[in-house]
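Structure below is coords-v7.cif: mmCIF, C-alpha atoms.
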data_entry
#
loop_
_atom_site.group_PDB
_atom_site.id
_atom_site.type_symbol
_atom_site.label_atom_id
_atom_site.label_comp_id
_atom_site.auth_asym_id
_atom_site.auth_seq_id
_atom_site.Cartn_x
_atom_site.Cartn_y
_atom_site.Cartn_z
ATOM 1 C CA MET A 1 18.455 -15.416 12.733
ATOM 2 C CA LEU A 2 17.118 -11.924 12.168
ATOM 3 C CA LEU A 3 17.805 -9.485 15.012
ATOM 4 C CA ILE A 4 15.511 -6.516 15.594
ATOM 5 C CA TYR A 5 16.283 -3.460 17.704
ATOM 6 C CA CYS A 6 13.512 -2.244 20.018
ATOM 7 C CA PRO A 7 13.674 1.560 20.363
ATOM 8 C CA TYR A 8 11.900 1.397 23.745
ATOM 9 C CA CYS A 9 13.925 -1.366 25.420
ATOM 10 C CA GLY A 10 17.149 -0.260 23.750
ATOM 11 C CA VAL A 11 18.124 -3.851 22.946
ATOM 12 C CA GLU A 12 18.512 -5.990 19.850
ATOM 13 C CA ARG A 13 16.579 -9.239 20.193
ATOM 14 C CA PRO A 14 15.691 -12.270 17.998
ATOM 15 C CA GLU A 15 12.803 -11.902 15.572
ATOM 16 C CA THR A 16 10.795 -14.501 17.521
ATOM 17 C CA GLU A 17 10.201 -11.815 20.188
ATOM 18 C CA PHE A 18 8.443 -9.555 17.685
ATOM 19 C CA SER A 19 5.332 -9.511 15.539
ATOM 20 C CA CYS A 20 4.871 -7.521 12.348
ATOM 21 C CA ARG A 21 1.535 -5.699 12.271
ATOM 22 C CA GLY A 22 1.558 -4.431 8.690
ATOM 23 C CA GLU A 23 2.126 -1.105 7.047
ATOM 24 C CA ALA A 24 2.984 1.830 9.312
ATOM 25 C CA HIS A 25 1.300 5.228 9.283
ATOM 26 C CA VAL A 26 -2.162 4.036 8.234
ATOM 27 C CA ALA A 27 -4.573 6.547 9.779
ATOM 28 C CA ARG A 28 -7.920 5.368 11.130
ATOM 29 C CA PRO A 29 -10.864 7.408 9.795
ATOM 30 C CA MET A 30 -11.647 10.306 12.133
ATOM 31 C CA ASP A 31 -15.430 9.940 11.935
ATOM 32 C CA PRO A 32 -16.383 6.273 11.376
ATOM 33 C CA SER A 33 -20.079 7.073 11.008
ATOM 34 C CA ALA A 34 -19.348 9.409 8.088
ATOM 35 C CA THR A 35 -16.948 7.001 6.390
ATOM 36 C CA THR A 36 -18.073 5.400 3.126
ATOM 37 C CA ASP A 37 -17.793 1.680 2.442
ATOM 38 C CA GLU A 38 -15.004 2.402 -0.045
ATOM 39 C CA GLU A 39 -13.056 4.391 2.582
ATOM 40 C CA TRP A 40 -13.449 1.544 5.099
ATOM 41 C CA GLU A 41 -12.286 -0.944 2.496
ATOM 42 C CA GLU A 42 -9.208 1.164 1.822
ATOM 43 C CA TYR A 43 -8.448 1.539 5.551
ATOM 44 C CA LEU A 44 -8.941 -2.141 6.380
ATOM 45 C CA TYR A 45 -7.550 -3.964 3.374
ATOM 46 C CA LEU A 46 -5.568 -1.887 0.905
ATOM 47 C CA ARG A 47 -1.826 -1.580 1.548
ATOM 48 C CA THR A 48 1.044 -0.615 -0.702
ATOM 49 C CA ASN A 49 2.997 -3.849 -0.019
ATOM 50 C CA THR A 50 6.108 -2.461 -1.677
ATOM 51 C CA LYS A 51 8.967 -4.594 -2.883
ATOM 52 C CA GLY A 52 11.961 -2.740 -1.508
ATOM 53 C CA VAL A 53 12.057 -0.138 1.263
ATOM 54 C CA TYR A 54 8.847 -0.202 3.316
ATOM 55 C CA ALA A 55 7.654 1.320 6.623
ATOM 56 C CA GLU A 56 6.081 -1.258 8.927
ATOM 57 C CA ARG A 57 4.495 -1.345 12.358
ATOM 58 C CA TRP A 58 6.002 -3.887 14.769
ATOM 59 C CA ARG A 59 5.249 -5.015 18.323
ATOM 60 C CA HIS A 60 7.776 -6.321 20.834
ATOM 61 C CA ILE A 61 5.406 -9.032 22.058
ATOM 62 C CA HIS A 62 7.872 -10.930 24.290
ATOM 63 C CA GLY A 63 9.541 -7.809 25.650
ATOM 64 C CA CYS A 64 8.062 -4.439 26.548
ATOM 65 C CA GLY A 65 4.877 -5.135 24.525
ATOM 66 C CA ARG A 66 5.033 -1.743 22.822
ATOM 67 C CA PHE A 67 4.441 -0.893 19.185
ATOM 68 C CA PHE A 68 7.123 0.820 17.123
ATOM 69 C CA ASN A 69 7.810 1.507 13.464
ATOM 70 C CA ALA A 70 10.594 0.172 11.307
ATOM 71 C CA VAL A 71 11.854 0.797 7.810
ATOM 72 C CA ARG A 72 12.772 -2.553 6.280
ATOM 73 C CA GLU A 73 14.144 -3.572 2.903
ATOM 74 C CA THR A 74 11.715 -6.362 2.057
ATOM 75 C CA VAL A 75 13.938 -8.208 -0.423
ATOM 76 C CA SER A 76 16.957 -8.621 1.874
ATOM 77 C CA ASP A 77 14.899 -8.434 5.113
ATOM 78 C CA LYS A 78 17.365 -5.842 6.441
ATOM 79 C CA PHE A 79 16.108 -3.267 8.938
ATOM 80 C CA LEU A 80 17.319 0.181 7.910
ATOM 81 C CA LYS A 81 15.746 2.280 10.681
ATOM 82 C CA VAL A 82 13.552 1.801 13.747
ATOM 83 C CA TYR A 83 11.672 4.594 15.480
ATOM 84 C CA LYS A 84 9.043 5.083 18.144
ATOM 85 C CA THR A 85 5.329 5.284 17.442
ATOM 86 C CA GLY A 86 4.245 8.873 16.971
ATOM 87 C CA GLU A 87 7.480 9.965 15.324
ATOM 88 C CA PRO A 88 7.062 11.184 11.735
ATOM 89 C CA LYS A 89 7.477 8.815 8.826
ATOM 90 C CA PRO A 90 11.009 9.157 7.460
ATOM 91 C CA ASP A 91 11.763 9.816 3.804
ATOM 92 C CA LEU A 92 11.832 6.265 2.402
ATOM 93 C CA HIS A 93 13.501 7.363 -0.836
ATOM 94 C CA GLN A 94 16.354 8.968 1.114
ATOM 95 C CA ILE A 95 16.801 5.875 3.312
ATOM 96 C CA ALA A 96 16.843 3.648 0.212
ATOM 97 C CA LYS A 97 19.400 5.925 -1.419
ATOM 98 C CA GLU A 98 21.634 5.854 1.664
ATOM 99 C CA ALA A 99 21.354 2.046 1.787
ATOM 100 C CA GLY A 100 22.262 1.813 -1.891
ATOM 101 C CA LYS A 101 18.891 0.351 -2.906
#

Could you render the structure as structure tokens?
Amino acid sequence: MLLIYCPYCGVERPETEFSCRGEAHVARPMDPSATTDEEWEEYLYLRTNTKGVYAERWRHIHGCGRFFNAVRETVSDKFLKVYKTGEPKPDLHQIAKEAGK
């Protein structure tokens, strides 16, 4: 079973307590009324979906209920870093290099 660390609760819990909510650090358009259809399409549907090291947004649904971000290696499913929402996106290339990926 995959164990995931929640940076808010400070505990490592089974994956069944969590829900992945897609790519992290996707900014909502600041002025929706001035946003083109193409910009909305990009915001709503287009993601990088990288094979390898990827930043994702997760929610601890059966715990504190809070969202957090995680850097995960998508091939091995290994979590390389977790961090609180609002913290800057880490350098994914550096994390991959440190993990030997």

Discussion item. From the options A:Thr50, A:Gln94, A:Ser33, A:Ser19, which residue's atoms come nearest to A:Leu80, counting only C-alpha atoms?
Written reply: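 Going through A:Thr50, A:Gln94, A:Ser33, A:Ser19 one by one, the smallest distance to A:Leu80 is for A:Gln94.
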
Worksheet item: Please, what distance in Å, to one decimal, runs between atom CA of A:Thr74 and atom CA of A:Gly52?
Response: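 If I compute the distance from atom CA of A:Thr74 to atom CA of A:Gly52, I get 5.1 Å.
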
Practice prompt. Fewer than 6 positions away in the same chain doesn't count, so skip those; otherwise give me all residues within 7 Å of stretch 8-15 of chain A, counting all atoms listed in the file, as a list in words.
Written response: Met1, Leu2 and Cys64 of chain A

Worksheet item: Which is closer to A:Ala55 than all the others in A:Pro32, A:Glu39, A:Ile95, A:Arg72, using all atoms listed in the file?
Response: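 Ranking A:Pro32, A:Glu39, A:Ile95, A:Arg72 by distance to A:Ala55, first place goes to A:Arg72.
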
Worksheet entry | Point-to-point distance from atom CA of A:Glu17 to atom CA of A:Arg66, Å rounded to tenths |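 Computed distance, atom CA of A:Glu17 to atom CA of A:Arg66, equals 11.6 Å.
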
Worksheet item: For A:Leu3, which of A:Asp31, A:Glu56, A:Glu98, A:Asp77 is the closest residue, counting all atoms listed in the file?
Response: A:Asp77

Practice prompt. Please tell me which residues are no farther than 12 Å from (10.0, 0.4, 5.0) in the file, counting all atoms listed in the file, and write them as a ChimeraX atom specification.
Written response: /A:20,22-25,48-58,69-83,89-96,99,101

Practice prompt. Quote the spacing between atom CA of A:Pro7 and atom CA of A:Phe68 in Å to one decimal place.
Written response: 7.3 Å

Worksheet entry | Residues within 12 Å of A:Glu41, only C-alpha atoms, excluding chain neighbours under 6 positions, as a PyMOL selection string | chain A and resi 28-29+35+47

Filtering to C-alpha atoms, could you give me those residues as a PDB file, keeping the file's coordinate frame?
ATOM      1  CA  ARG A  28      -7.920   5.368  11.130  1.00  0.00           C
ATOM      2  CA  PRO A  29     -10.864   7.408   9.795  1.00  0.00           C
ATOM      3  CA  THR A  35     -16.948   7.001   6.390  1.00  0.00           C
ATOM      4  CA  ARG A  47      -1.826  -1.580   1.548  1.00  0.00           C
TER       5      ARG A  47
END

Practice prompt. Can you work out which one of A:Ala27, A:Phe67, A:His62, A:Thr16 has the shortest atom-to-atom distance to A:Thr85, counting all atoms listed in the file?
Written response: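 Once distances to A:Thr85 are computed over all atoms listed in the file, the minimum belongs to A:Phe67.
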